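A.B. asks: To be precise about what I am sending: the file is called run13.csv and holds CSV, N, CA and C atoms.
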chain,number,residue,atom,x,y,z
A,1,MET,N,-28.0,-90.2,-60.3
A,1,MET,CA,-29.3,-90.3,-60.9
A,1,MET,C,-30.3,-90.8,-59.8
A,2,LYS,N,-31.5,-90.2,-59.8
A,2,LYS,CA,-32.6,-90.6,-58.9
A,2,LYS,C,-33.6,-91.4,-59.6
A,3,ARG,N,-34.2,-92.4,-58.8
A,3,ARG,CA,-35.3,-93.1,-59.3
A,3,ARG,C,-36.6,-92.3,-59.0
A,4,ALA,N,-37.7,-92.7,-59.6
A,4,ALA,CA,-39.0,-92.0,-59.4
A,4,ALA,C,-39.4,-92.0,-57.9
A,5,SER,N,-38.9,-93.0,-57.2
A,5,SER,CA,-39.3,-93.1,-55.7
A,5,SER,C,-38.5,-92.1,-54.9
A,6,GLY,N,-37.5,-91.5,-55.5
A,6,GLY,CA,-36.7,-90.5,-54.8
A,6,GLY,C,-35.5,-91.1,-54.1
A,7,ARG,N,-35.3,-92.4,-54.2
A,7,ARG,CA,-34.1,-93.0,-53.6
A,7,ARG,C,-33.1,-93.2,-54.7
A,8,SER,N,-31.8,-93.1,-54.3
A,8,SER,CA,-30.7,-93.3,-55.3
A,8,SER,C,-30.7,-94.7,-55.8
A,9,SER,N,-30.2,-94.9,-57.0
A,9,SER,CA,-30.2,-96.2,-57.6
A,9,SER,C,-28.8,-96.8,-57.7
A,10,GLY,N,-27.9,-96.3,-56.9
A,10,GLY,CA,-26.5,-96.8,-56.9
A,10,GLY,C,-26.3,-98.0,-56.1
A,11,ARG,N,-25.0,-98.3,-55.8
A,11,ARG,CA,-24.6,-99.5,-55.1
A,11,ARG,C,-25.2,-99.6,-53.7
A,12,PRO,N,-25.2,-98.5,-52.9
A,12,PRO,CA,-25.8,-98.6,-51.6
A,12,PRO,C,-27.2,-99.1,-51.6
A,13,GLN,N,-28.0,-98.6,-52.6
A,13,GLN,CA,-29.4,-99.1,-52.6
A,13,GLN,C,-29.5,-100.5,-53.0
A,14,LYS,N,-28.7,-101.0,-53.9
A,14,LYS,CA,-28.7,-102.4,-54.3
A,14,LYS,C,-28.3,-103.3,-53.1
A,15,LEU,N,-27.3,-102.8,-52.4
A,15,LEU,CA,-26.9,-103.6,-51.2
A,15,LEU,C,-28.0,-103.6,-50.2
A,16,ALA,N,-28.7,-102.4,-50.0
A,16,ALA,CA,-29.8,-102.3,-49.0
A,16,ALA,C,-30.9,-103.3,-49.4
A,17,ASP,N,-31.2,-103.4,-50.7
A,17,ASP,CA,-32.3,-104.3,-51.1
A,17,ASP,C,-31.9,-105.7,-50.8
A,18,LEU,N,-30.6,-106.1,-51.1
A,18,LEU,CA,-30.2,-107.4,-50.9
A,18,LEU,C,-30.2,-107.7,-49.4
A,19,ILE,N,-29.7,-106.8,-48.5
A,19,ILE,CA,-29.7,-107.0,-47.1
A,19,ILE,C,-31.2,-107.2,-46.6
A,20,GLN,N,-32.1,-106.4,-47.1
A,20,GLN,CA,-33.5,-106.5,-46.7
A,20,GLN,C,-34.0,-107.9,-47.0
A,21,ARG,N,-33.8,-108.4,-48.2
A,21,ARG,CA,-34.2,-109.8,-48.6
A,21,ARG,C,-33.6,-110.9,-47.7
A,22,GLU,N,-32.3,-110.8,-47.5
A,22,GLU,CA,-31.6,-111.8,-46.7
A,22,GLU,C,-32.0,-111.7,-45.2
A,23,LEU,N,-32.2,-110.5,-44.7
A,23,LEU,CA,-32.6,-110.4,-43.3
A,23,LEU,C,-34.0,-111.0,-43.1
A,24,SER,N,-34.9,-110.7,-44.0
A,24,SER,CA,-36.2,-111.2,-43.9
A,24,SER,C,-36.2,-112.8,-43.9
A,25,GLY,N,-35.4,-113.4,-44.7
A,25,GLY,CA,-35.3,-114.8,-44.7
A,25,GLY,C,-34.6,-115.3,-43.4
A,26,LEU,N,-33.6,-114.6,-42.9
A,26,LEU,CA,-33.0,-115.1,-41.7
A,26,LEU,C,-33.9,-115.0,-40.5
A,27,LEU,N,-34.7,-113.9,-40.4
A,27,LEU,CA,-35.7,-113.8,-39.3
A,27,LEU,C,-36.7,-114.9,-39.4
A,28,GLN,N,-37.1,-115.2,-40.6
A,28,GLN,CA,-38.1,-116.2,-40.8
A,28,GLN,C,-37.6,-117.7,-40.4
A,29,ARG,N,-36.4,-118.0,-40.9
A,29,ARG,CA,-35.9,-119.3,-40.8
A,29,ARG,C,-34.9,-119.6,-39.7
A,30,GLU,N,-34.1,-118.7,-39.4
A,30,GLU,CA,-32.9,-118.9,-38.5
A,30,GLU,C,-33.1,-118.4,-37.1
A,31,LEU,N,-33.8,-117.3,-36.9
A,31,LEU,CA,-33.8,-116.7,-35.6
A,31,LEU,C,-34.9,-117.4,-34.7
A,32,ARG,N,-34.5,-117.8,-33.5
A,32,ARG,CA,-35.4,-118.6,-32.7
A,32,ARG,C,-35.9,-117.7,-31.5
A,33,ASP,N,-35.7,-116.4,-31.5
A,33,ASP,CA,-36.2,-115.6,-30.4
A,33,ASP,C,-37.7,-115.3,-30.6
A,34,PRO,N,-38.5,-115.7,-29.7
A,34,PRO,CA,-40.0,-115.5,-29.8
A,34,PRO,C,-40.4,-114.0,-29.9
A,35,ARG,N,-39.5,-113.1,-29.3
A,35,ARG,CA,-39.9,-111.7,-29.3
A,35,ARG,C,-39.9,-111.1,-30.7
A,36,VAL,N,-39.2,-111.8,-31.6
A,36,VAL,CA,-39.0,-111.3,-33.0
A,36,VAL,C,-39.9,-112.0,-34.0
A,37,GLY,N,-40.9,-112.7,-33.5
A,37,GLY,CA,-41.8,-113.5,-34.3
A,37,GLY,C,-42.6,-112.8,-35.4
A,38,MET,N,-43.3,-111.8,-35.0
A,38,MET,CA,-44.2,-111.2,-36.0
A,38,MET,C,-43.8,-109.8,-36.4
A,39,ILE,N,-42.6,-109.7,-37.0
A,39,ILE,CA,-42.2,-108.4,-37.5
A,39,ILE,C,-41.9,-108.5,-39.0
A,40,THR,N,-41.9,-107.3,-39.7
A,40,THR,CA,-41.6,-107.2,-41.1
A,40,THR,C,-40.5,-106.2,-41.3
A,41,ILE,N,-39.5,-106.5,-42.1
A,41,ILE,CA,-38.5,-105.5,-42.4
A,41,ILE,C,-39.1,-104.7,-43.6
A,42,THR,N,-39.2,-103.4,-43.3
A,42,THR,CA,-39.9,-102.5,-44.3
A,42,THR,C,-38.8,-101.8,-45.2
A,43,ALA,N,-37.6,-101.5,-44.7
A,43,ALA,CA,-36.6,-100.8,-45.5
A,43,ALA,C,-35.3,-101.0,-44.8
A,44,VAL,N,-34.2,-100.8,-45.6
A,44,VAL,CA,-32.9,-100.8,-45.1
A,44,VAL,C,-32.2,-99.6,-45.8
A,45,ASP,N,-31.5,-98.8,-45.0
A,45,ASP,CA,-30.7,-97.7,-45.5
A,45,ASP,C,-29.2,-98.0,-45.2
A,46,VAL,N,-28.4,-98.1,-46.2
A,46,VAL,CA,-27.0,-98.4,-46.0
A,46,VAL,C,-26.2,-97.1,-46.2
A,47,SER,N,-25.2,-96.8,-45.2
A,47,SER,CA,-24.4,-95.6,-45.3
A,47,SER,C,-23.5,-95.7,-46.6
A,48,PRO,N,-23.1,-94.6,-47.1
A,48,PRO,CA,-22.3,-94.5,-48.4
A,48,PRO,C,-21.0,-95.4,-48.3
A,49,ASP,N,-20.4,-95.5,-47.1
A,49,ASP,CA,-19.2,-96.3,-46.9
A,49,ASP,C,-19.5,-97.7,-46.6
A,50,PHE,N,-20.8,-98.1,-46.5
A,50,PHE,CA,-21.2,-99.5,-46.3
A,50,PHE,C,-20.9,-100.0,-44.8
A,51,SER,N,-20.6,-99.1,-43.9
A,51,SER,CA,-20.2,-99.5,-42.6
A,51,SER,C,-21.4,-99.7,-41.7
A,52,HIS,N,-22.5,-99.0,-42.0
A,52,HIS,CA,-23.7,-99.1,-41.1
A,52,HIS,C,-24.9,-99.3,-42.0
A,53,ALA,N,-25.9,-100.0,-41.4
A,53,ALA,CA,-27.2,-100.2,-42.1
A,53,ALA,C,-28.3,-100.0,-41.1
A,54,LYS,N,-29.2,-99.1,-41.4
A,54,LYS,CA,-30.3,-98.8,-40.5
A,54,LYS,C,-31.5,-99.7,-41.1
A,55,VAL,N,-32.0,-100.6,-40.2
A,55,VAL,CA,-33.0,-101.5,-40.6
A,55,VAL,C,-34.3,-101.1,-40.0
A,56,LEU,N,-35.3,-100.8,-40.8
A,56,LEU,CA,-36.6,-100.3,-40.3
A,56,LEU,C,-37.5,-101.5,-40.3
A,57,TYR,N,-38.3,-101.7,-39.2
A,57,TYR,CA,-39.2,-102.8,-39.1
A,57,TYR,C,-40.6,-102.3,-38.5
A,58,THR,N,-41.6,-103.1,-38.8
A,58,THR,CA,-42.9,-102.9,-38.2
A,58,THR,C,-43.3,-104.2,-37.5
A,59,ALA,N,-44.2,-104.1,-36.5
A,59,ALA,CA,-44.7,-105.3,-35.8
A,59,ALA,C,-46.2,-105.4,-36.1
A,60,LEU,N,-46.6,-106.6,-36.2
A,60,LEU,CA,-48.0,-106.9,-36.4
A,60,LEU,C,-48.9,-106.3,-35.2
A,61,ASP,N,-48.4,-106.5,-34.0
A,61,ASP,CA,-49.0,-106.0,-32.8
A,61,ASP,C,-48.3,-104.8,-32.2
A,62,PRO,N,-48.8,-103.6,-32.2
A,62,PRO,CA,-48.1,-102.5,-31.7
A,62,PRO,C,-47.6,-102.6,-30.2
A,63,ALA,N,-48.3,-103.5,-29.4
A,63,ALA,CA,-47.8,-103.7,-28.1
A,63,ALA,C,-46.5,-104.5,-28.1
A,64,HIS,N,-46.2,-105.1,-29.2
A,64,HIS,CA,-45.1,-106.0,-29.3
A,64,HIS,C,-43.8,-105.3,-29.7
A,65,VAL,N,-43.9,-104.0,-30.0
A,65,VAL,CA,-42.8,-103.3,-30.6
A,65,VAL,C,-41.5,-103.2,-29.7
A,66,GLU,N,-41.7,-102.9,-28.5
A,66,GLU,CA,-40.6,-102.8,-27.6
A,66,GLU,C,-39.8,-104.1,-27.4
A,67,GLU,N,-40.6,-105.2,-27.2
A,67,GLU,CA,-39.9,-106.5,-27.0
A,67,GLU,C,-39.2,-106.9,-28.3
A,68,ALA,N,-39.9,-106.6,-29.5
A,68,ALA,CA,-39.2,-107.0,-30.7
A,68,ALA,C,-37.9,-106.2,-30.9
A,69,GLY,N,-37.9,-104.9,-30.5
A,69,GLY,CA,-36.7,-104.1,-30.6
A,69,GLY,C,-35.6,-104.7,-29.8
A,70,LYS,N,-35.9,-105.2,-28.5
A,70,LYS,CA,-34.9,-105.8,-27.7
A,70,LYS,C,-34.4,-107.1,-28.3
A,71,GLY,N,-35.3,-107.9,-28.8
A,71,GLY,CA,-34.8,-109.1,-29.5
A,71,GLY,C,-33.9,-108.9,-30.7
A,72,LEU,N,-34.3,-107.9,-31.5
A,72,LEU,CA,-33.5,-107.6,-32.7
A,72,LEU,C,-32.1,-107.0,-32.3
A,73,LYS,N,-32.1,-106.2,-31.2
A,73,LYS,CA,-30.8,-105.6,-30.8
A,73,LYS,C,-29.9,-106.8,-30.3
A,74,ARG,N,-30.5,-107.7,-29.5
A,74,ARG,CA,-29.7,-108.8,-29.0
A,74,ARG,C,-29.2,-109.7,-30.1
A,75,ALA,N,-30.0,-109.9,-31.2
A,75,ALA,CA,-29.7,-110.8,-32.3
A,75,ALA,C,-28.8,-110.1,-33.4
A,76,ALA,N,-28.5,-108.8,-33.3
A,76,ALA,CA,-27.8,-108.0,-34.3
A,76,ALA,C,-26.5,-108.7,-34.7
A,77,GLY,N,-25.7,-109.1,-33.7
A,77,GLY,CA,-24.4,-109.7,-34.0
A,77,GLY,C,-24.6,-111.0,-34.8
A,78,PHE,N,-25.5,-111.9,-34.4
A,78,PHE,CA,-25.8,-113.1,-35.1
A,78,PHE,C,-26.2,-112.9,-36.5
A,79,LEU,N,-27.2,-111.9,-36.7
A,79,LEU,CA,-27.7,-111.6,-38.0
A,79,LEU,C,-26.6,-111.0,-38.9
A,80,ARG,N,-25.7,-110.2,-38.3
A,80,ARG,CA,-24.6,-109.7,-39.1
A,80,ARG,C,-23.7,-110.8,-39.6
A,81,SER,N,-23.4,-111.7,-38.7
A,81,SER,CA,-22.4,-112.8,-39.0
A,81,SER,C,-23.1,-113.7,-40.1
A,82,GLN,N,-24.4,-113.9,-40.0
A,82,GLN,CA,-25.1,-114.7,-41.1
A,82,GLN,C,-25.1,-114.0,-42.4
A,83,LEU,N,-25.3,-112.6,-42.3
A,83,LEU,CA,-25.2,-111.8,-43.6
A,83,LEU,C,-23.8,-111.9,-44.2
A,84,ALA,N,-22.8,-111.9,-43.4
A,84,ALA,CA,-21.4,-112.0,-43.9
A,84,ALA,C,-21.2,-113.3,-44.7
A,85,LYS,N,-21.8,-114.4,-44.2
A,85,LYS,CA,-21.7,-115.6,-44.9
A,85,LYS,C,-22.4,-115.6,-46.3
A,86,ARG,N,-23.5,-114.9,-46.3
A,86,ARG,CA,-24.3,-114.9,-47.5
A,86,ARG,C,-24.0,-113.8,-48.6
A,87,ILE,N,-23.5,-112.7,-48.1
A,87,ILE,CA,-23.2,-111.5,-49.0
A,87,ILE,C,-21.7,-111.3,-48.9
A,88,LYS,N,-21.0,-111.4,-50.0
A,88,LYS,CA,-19.5,-111.3,-50.0
A,88,LYS,C,-19.1,-109.8,-50.1
A,89,LEU,N,-18.7,-109.2,-49.0
A,89,LEU,CA,-18.3,-107.9,-48.9
A,89,LEU,C,-17.0,-107.8,-48.1
A,90,TYR,N,-16.3,-106.7,-48.3
A,90,TYR,CA,-15.0,-106.5,-47.5
A,90,TYR,C,-15.4,-106.4,-46.0
A,91,THR,N,-16.4,-105.6,-45.7
A,91,THR,CA,-16.9,-105.5,-44.4
A,91,THR,C,-18.4,-105.6,-44.4
A,92,THR,N,-19.1,-106.3,-43.5
A,92,THR,CA,-20.5,-106.4,-43.5
A,92,THR,C,-21.0,-105.2,-42.6
A,93,PRO,N,-22.0,-104.5,-43.0
A,93,PRO,CA,-22.4,-103.3,-42.3
A,93,PRO,C,-22.9,-103.7,-40.9
A,94,GLU,N,-22.7,-102.8,-39.9
A,94,GLU,CA,-23.2,-102.9,-38.6
A,94,GLU,C,-24.7,-102.6,-38.7
A,95,LEU,N,-25.5,-103.5,-38.0
A,95,LEU,CA,-27.0,-103.4,-38.1
A,95,LEU,C,-27.5,-102.6,-37.0
A,96,ARG,N,-28.4,-101.6,-37.3
A,96,ARG,CA,-29.1,-100.8,-36.3
A,96,ARG,C,-30.6,-100.9,-36.6
A,97,PHE,N,-31.3,-101.5,-35.7
A,97,PHE,CA,-32.8,-101.6,-35.9
A,97,PHE,C,-33.6,-100.5,-35.3
A,98,GLU,N,-34.5,-100.0,-36.1
A,98,GLU,CA,-35.4,-98.9,-35.7
A,98,GLU,C,-36.8,-99.2,-36.1
A,99,TYR,N,-37.8,-98.9,-35.2
A,99,TYR,CA,-39.2,-99.1,-35.5
A,99,TYR,C,-39.6,-98.1,-36.6
A,100,ASP,N,-40.3,-98.6,-37.6
A,100,ASP,CA,-40.8,-97.8,-38.7
A,100,ASP,C,-42.1,-97.2,-38.4
A,101,VAL,N,-42.2,-95.9,-38.0
A,101,VAL,CA,-43.5,-95.3,-37.7
A,101,VAL,C,-44.3,-94.9,-38.9
A,102,SER,N,-43.7,-94.9,-40.1
A,102,SER,CA,-44.4,-94.4,-41.2
A,102,SER,C,-45.7,-95.3,-41.6
A,103,VAL,N,-45.6,-96.6,-41.3
A,103,VAL,CA,-46.8,-97.4,-41.6
A,103,VAL,C,-47.9,-97.1,-40.6
A,104,GLU,N,-47.6,-96.9,-39.4
A,104,GLU,CA,-48.6,-96.6,-38.4
A,104,GLU,C,-49.1,-95.2,-38.6
A,105,ARG,N,-48.3,-94.2,-39.0
A,105,ARG,CA,-48.7,-92.9,-39.3
A,105,ARG,C,-49.6,-92.9,-40.5
A,106,GLY,N,-49.3,-93.6,-41.6
A,106,GLY,CA,-50.1,-93.7,-42.7
A,106,GLY,C,-51.5,-94.3,-42.5
A,107,ASP,N,-51.5,-95.3,-41.6
A,107,ASP,CA,-52.8,-95.9,-41.2
A,107,ASP,C,-53.7,-94.9,-40.5
A,108,ARG,N,-53.0,-94.2,-39.6
A,108,ARG,CA,-53.8,-93.2,-38.8
A,108,ARG,C,-54.3,-92.1,-39.7
A,109,LEU,N,-53.5,-91.6,-40.6
A,109,LEU,CA,-54.0,-90.6,-41.6
A,109,LEU,C,-55.1,-91.1,-42.4
A,110,SER,N,-55.0,-92.3,-42.9
A,110,SER,CA,-56.1,-92.9,-43.7
A,110,SER,C,-57.4,-92.9,-42.9
A,111,ARG,N,-57.3,-93.3,-41.6
A,111,ARG,CA,-58.6,-93.3,-40.8
A,111,ARG,C,-59.1,-91.9,-40.6
A,112,LEU,N,-58.2,-90.9,-40.4
A,112,LEU,CA,-58.7,-89.5,-40.3
A,112,LEU,C,-59.4,-89.1,-41.6
A,113,ILE,N,-58.8,-89.4,-42.7
A,113,ILE,CA,-59.4,-89.0,-44.0
A,113,ILE,C,-60.8,-89.7,-44.2
A,114,ASP,N,-60.9,-91.0,-43.8
A,114,ASP,CA,-62.1,-91.7,-43.9
A,114,ASP,C,-63.2,-91.0,-43.0
A,115,ALA,N,-62.8,-90.6,-41.8
A,115,ALA,CA,-63.7,-90.0,-40.9
A,115,ALA,C,-64.2,-88.6,-41.3
A,116,ALA,N,-63.3,-87.9,-42.0
A,116,ALA,CA,-63.6,-86.6,-42.5
A,116,ALA,C,-64.5,-86.6,-43.7
A,117,ASN,N,-64.4,-87.7,-44.5
A,117,ASN,CA,-65.2,-87.8,-45.7
A,117,ASN,C,-66.1,-89.0,-45.6
A,118,PRO,N,-67.2,-88.9,-44.9
A,118,PRO,CA,-68.1,-90.0,-44.7
A,118,PRO,C,-68.7,-90.4,-46.0
A,119,LYS,N,-68.9,-91.8,-46.2
A,119,LYS,CA,-69.4,-92.3,-47.5
A,119,LYS,C,-70.9,-92.0,-47.5
A,120,LYS,N,-71.4,-91.7,-48.7
A,120,LYS,CA,-72.8,-91.3,-48.9
A,120,LYS,C,-73.7,-92.5,-49.2
Can the structure in the file be given as C-alpha coordinates, please?
C.D. replies:
Amino acid sequence: MKRASGRSSGRPQKLADLIQRELSGLLQRELRDPRVGMITITAVDVSPDFSHAKVLYTALDPAHVEEAGKGLKRAAGFLRSQLAKRIKLYTTPELRFEYDVSVERGDRLSRLIDAANPKK
(Lines of atoms letter the chains of each structure in order from A and count residues from 1; the text may use other names and numbers.)
(Lines give C-alpha, C1' and ligand atoms only; values in the text may rest on other atoms or scores of the structure.)
Protein backbone atom coordinates (compact mmCIF):
# COMPACT_ATOMS: atom_id res chain seq x y z
CA MET A 1 0.00 0.00 0.00
CA LYS A 2 1.28 3.47 -0.86
CA ARG A 3 0.83 6.64 1.14
CA ALA A 4 -0.27 9.89 -0.48
CA SER A 5 3.37 11.03 -0.54
CA GLY A 6 4.24 8.12 -2.80
CA ARG A 7 6.49 6.40 -0.26
CA SER A 8 5.68 2.94 1.03
CA SER A 9 4.28 2.70 4.54
CA GLY A 10 5.95 -0.57 5.52
CA ARG A 11 8.64 -1.47 7.97
CA PRO A 12 11.56 0.00 5.94
CA GLN A 13 9.86 3.41 6.01
CA LYS A 14 9.20 3.24 9.74
CA LEU A 15 12.83 2.30 10.32
CA ALA A 16 13.97 5.13 8.02
CA ASP A 17 11.90 7.65 10.01
CA LEU A 18 13.35 6.35 13.27
CA ILE A 19 16.92 6.49 11.92
CA GLN A 20 16.35 10.06 10.71
CA ARG A 21 15.18 11.17 14.16
CA GLU A 22 18.01 9.39 15.98
CA LEU A 23 20.71 10.64 13.58
CA SER A 24 19.47 14.21 13.89
CA GLY A 25 19.79 13.96 17.65
CA LEU A 26 23.22 12.33 17.46
CA LEU A 27 24.54 14.99 15.10
CA GLN A 28 23.24 17.71 17.41
CA ARG A 29 24.40 16.29 20.75
CA GLU A 30 27.13 13.68 20.27
CA LEU A 31 29.21 14.51 17.21
CA ARG A 32 32.06 16.93 17.88
CA ASP A 33 33.29 17.37 14.28
CA PRO A 34 33.02 21.08 13.38
CA ARG A 35 32.63 20.19 9.67
CA VAL A 36 29.25 18.65 10.43
CA GLY A 37 27.94 21.63 12.39
CA MET A 38 25.25 23.17 10.21
CA ILE A 39 23.59 20.29 8.39
CA THR A 40 20.05 18.90 8.36
CA ILE A 41 19.06 15.30 7.67
CA THR A 42 16.28 15.61 5.07
CA ALA A 43 15.49 11.95 4.39
CA VAL A 44 16.62 8.38 4.95
CA ASP A 45 16.02 5.51 2.54
CA VAL A 46 16.52 2.01 3.96
CA SER A 47 17.08 -0.96 1.66
CA PRO A 48 14.42 -3.72 1.82
CA ASP A 49 16.85 -6.05 3.63
CA PHE A 50 17.81 -3.29 6.14
CA SER A 51 21.51 -3.66 5.31
CA HIS A 52 22.02 -0.14 3.92
CA ALA A 53 20.61 3.30 4.61
CA LYS A 54 21.06 6.25 2.28
CA VAL A 55 21.02 9.41 4.39
CA LEU A 56 20.26 12.65 2.54
CA TYR A 57 21.41 15.92 4.06
CA THR A 58 21.51 19.63 3.28
CA ALA A 59 23.92 22.26 4.52
CA LEU A 60 23.05 25.78 5.60
CA ASP A 61 26.00 27.13 3.62
CA PRO A 62 26.42 25.61 0.11
CA ALA A 63 30.19 26.20 0.34
CA HIS A 64 30.20 23.90 3.38
CA VAL A 65 28.79 20.83 1.56
CA GLU A 66 32.05 19.13 0.61
CA GLU A 67 33.58 19.46 4.10
CA ALA A 68 30.32 18.28 5.71
CA GLY A 69 30.33 15.21 3.44
CA LYS A 70 33.90 14.36 4.49
CA GLY A 71 32.99 14.76 8.15
CA LEU A 72 29.89 12.59 7.80
CA LYS A 73 31.82 9.89 5.93
CA ARG A 74 34.46 9.87 8.66
CA ALA A 75 31.80 9.69 11.42
CA ALA A 76 29.67 6.99 9.73
CA GLY A 77 31.09 4.15 11.85
CA PHE A 78 30.60 6.06 15.11
CA LEU A 79 27.06 7.07 14.12
CA ARG A 80 26.22 3.48 13.14
CA SER A 81 27.49 2.14 16.48
CA GLN A 82 25.45 4.77 18.36
CA LEU A 83 22.36 3.83 16.33
CA ALA A 84 22.93 0.17 17.21
CA LYS A 85 22.74 1.09 20.91
CA ARG A 86 19.51 3.04 20.43
CA ILE A 87 17.65 0.90 17.88
CA LYS A 88 17.38 -2.81 18.59
CA LEU A 89 17.88 -4.59 15.26
CA TYR A 90 19.60 -7.80 14.20
CA THR A 91 21.95 -5.69 12.07
CA THR A 92 22.22 -1.92 11.97
CA PRO A 93 22.23 -0.58 8.40
CA GLU A 94 25.46 0.68 6.90
CA LEU A 95 25.14 4.47 6.52
CA ARG A 96 25.86 6.22 3.22
CA PHE A 97 25.58 10.00 3.25
CA GLU A 98 24.58 11.95 0.13
CA TYR A 99 23.95 15.64 -0.38
CA ASP A 100 20.27 16.33 -1.06
CA VAL A 101 20.11 18.52 -4.17
CA SER A 102 16.29 18.65 -4.20
CA VAL A 103 16.15 21.54 -1.69
CA GLU A 104 18.63 23.59 -3.71
CA ARG A 105 16.82 22.72 -6.96
CA GLY A 106 13.45 23.70 -5.49
CA ASP A 107 14.84 27.03 -4.30
CA ARG A 108 16.28 27.74 -7.75
CA LEU A 109 12.98 26.86 -9.46
CA SER A 110 11.09 29.09 -7.04
CA ARG A 111 13.37 32.04 -7.88
CA LEU A 112 12.93 31.38 -11.63
CA ILE A 113 9.13 31.33 -11.24
CA ASP A 114 9.23 34.56 -9.23
CA ALA A 115 11.40 36.20 -11.90
CA ALA A 116 9.06 35.07 -14.71
CA ASN A 117 5.95 36.34 -12.89
CA PRO A 118 6.81 39.81 -11.62
CA LYS A 119 4.42 41.11 -8.98
CA LYS A 120 2.14 43.95 -10.09
A.B. asks: Sorted by chain and rising residue number, which residues of stretch 44-73 of chain A lie within 12 Å of stretch 21-27 of chain A, and what are their closest atom pairs and distances in Å to one decimal, counting only C-alpha atoms, as JSON lines?
C.D. replies:
{"residue": "A:Val44", "atom": "CA", "partner": "A:Arg21", "partner_atom": "CA", "distance": 9.7}
{"residue": "A:Ala53", "atom": "CA", "partner": "A:Leu23", "partner_atom": "CA", "distance": 11.6}
{"residue": "A:Val55", "atom": "CA", "partner": "A:Leu23", "partner_atom": "CA", "distance": 9.3}
{"residue": "A:Leu56", "atom": "CA", "partner": "A:Leu23", "partner_atom": "CA", "distance": 11.3}
{"residue": "A:Tyr57", "atom": "CA", "partner": "A:Ser24", "partner_atom": "CA", "distance": 10.1}
{"residue": "A:Ala68", "atom": "CA", "partner": "A:Leu27", "partner_atom": "CA", "distance": 11.5}
{"residue": "A:Gly71", "atom": "CA", "partner": "A:Leu27", "partner_atom": "CA", "distance": 10.9}
{"residue": "A:Leu72", "atom": "CA", "partner": "A:Leu27", "partner_atom": "CA", "distance": 9.3}
A.B. asks: Output N, CA and C atoms of each residue in that selection to a file, as a PDB file, in the frame of the given file.
C.D. replies:
ATOM      1  N   VAL A  44     -34.200-100.800 -45.600  1.00  0.00           N
ATOM      2  CA  VAL A  44     -32.900-100.800 -45.100  1.00  0.00           C
ATOM      3  C   VAL A  44     -32.200 -99.600 -45.800  1.00  0.00           C
ATOM      4  N   ALA A  53     -25.900-100.000 -41.400  1.00  0.00           N
ATOM      5  CA  ALA A  53     -27.200-100.200 -42.100  1.00  0.00           C
ATOM      6  C   ALA A  53     -28.300-100.000 -41.100  1.00  0.00           C
ATOM      7  N   VAL A  55     -32.000-100.600 -40.200  1.00  0.00           N
ATOM      8  CA  VAL A  55     -33.000-101.500 -40.600  1.00  0.00           C
ATOM      9  C   VAL A  55     -34.300-101.100 -40.000  1.00  0.00           C
ATOM     10  N   LEU A  56     -35.300-100.800 -40.800  1.00  0.00           N
ATOM     11  CA  LEU A  56     -36.600-100.300 -40.300  1.00  0.00           C
ATOM     12  C   LEU A  56     -37.500-101.500 -40.300  1.00  0.00           C
ATOM     13  N   TYR A  57     -38.300-101.700 -39.200  1.00  0.00           N
ATOM     14  CA  TYR A  57     -39.200-102.800 -39.100  1.00  0.00           C
ATOM     15  C   TYR A  57     -40.600-102.300 -38.500  1.00  0.00           C
ATOM     16  N   ALA A  68     -39.900-106.600 -29.500  1.00  0.00           N
ATOM     17  CA  ALA A  68     -39.200-107.000 -30.700  1.00  0.00           C
ATOM     18  C   ALA A  68     -37.900-106.200 -30.900  1.00  0.00           C
ATOM     19  N   GLY A  71     -35.300-107.900 -28.800  1.00  0.00           N
ATOM     20  CA  GLY A  71     -34.800-109.100 -29.500  1.00  0.00           C
ATOM     21  C   GLY A  71     -33.900-108.900 -30.700  1.00  0.00           C
ATOM     22  N   LEU A  72     -34.300-107.900 -31.500  1.00  0.00           N
ATOM     23  CA  LEU A  72     -33.500-107.600 -32.700  1.00  0.00           C
ATOM     24  C   LEU A  72     -32.100-107.000 -32.300  1.00  0.00           C
TER      25      LEU A  72
END
A.B. asks: Skip A:Val46 itself and residues of its chain fewer than 5 positions away, then list as a PyMOL selection string all residues within 8 Å of it, counting only N, CA and C atoms.
C.D. replies: chain A and resi 11-13+15-17+51-55+93
A.B. asks: To one decimal place, how far is atom N of A:Tyr99 from atom N of A:Phe50 in Å?
C.D. replies: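 According to the coordinates, atom N of A:Tyr99 and atom N of A:Phe50 are separated by 20.4 Å.
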A.B. asks: Between A:Leu79, A:Ala84, A:Ala59, A:Ala43, which one has atoms that come closest to A:Arg29, using only C-alpha atoms?
C.D. replies: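 Counting only C-alpha atoms, the residue closest to A:Arg29 is A:Leu79.
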A.B. asks: Select, from A:Phe97, A:Arg86, A:Ser81, A:Ile19, the residue with the minimum atom-to-atom distance to A:Ile39, counting only C-alpha atoms.
C.D. replies: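 For A:Ile39, the nearest of the given residues is A:Phe97.
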A.B. asks: So the first atom is atom CA of A:Ala116 and the second is atom N of A:Val101; what is the distance between them in Å, to one decimal place?
C.D. replies: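 Between atom CA of A:Ala116 and atom N of A:Val101 the gap is 23.8 Å.
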A.B. asks: Of the candidates A:Pro48, A:Thr42, A:Gly77, A:Asn117, which shows the shortest atom-to-atom distance to A:Asp100, using all atoms listed in the file?
C.D. replies: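 That would be A:Thr42, the residue with the smallest distance to A:Asp100.
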A.B. asks: Would you mind telling me which residue in A:Asp107, A:Gln28, A:Arg96, A:Glu67 lies nearest to A:Arg80 when using only C-alpha atoms?
C.D. replies: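 Closest to A:Arg80 of all the choices is A:Arg96.
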A.B. asks: Calculate how many Å separate atom C of A:His64 from atom CA of A:Glu98, rounding to one decimal.
C.D. replies: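 Computing it gives 12.1 Å between the two atoms.
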A.B. asks: Check the smallest atom-to-atom distance from each of A:Leu18, A:Ala75, A:Pro118, A:Arg111 to A:Ile87 using all atoms listed in the file, then report the winner.
C.D. replies: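 Counting all atoms listed in the file, the residue closest to A:Ile87 is A:Leu18.
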A.B. asks: Among stretch 28-111 of chain A, which ones does DSSP place in strand (DSSP E or B), written as a list in words?
C.D. replies: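 Answer for stretch 28-111 of chain A restricted to strand (DSSP E or B) is Ile39, Thr40, Ile41, Thr42, Ala43, Val44, Asp45, Val46, His52, Ala53, Lys54, Val55, Leu56, Tyr57, Thr58, Ala59, Glu94, Leu95, Arg96, Phe97, Glu98 and Tyr99 of chain A.
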A.B. asks: Among stretch 5-103 of chain A, which residues does DSSP mark as alpha helix (DSSP H) when it is run on the backbone? Keep the chain and numbering as in the structure and answer as a ChimeraX atom specification.
C.D. replies: /A:11-29,65-86,101-103
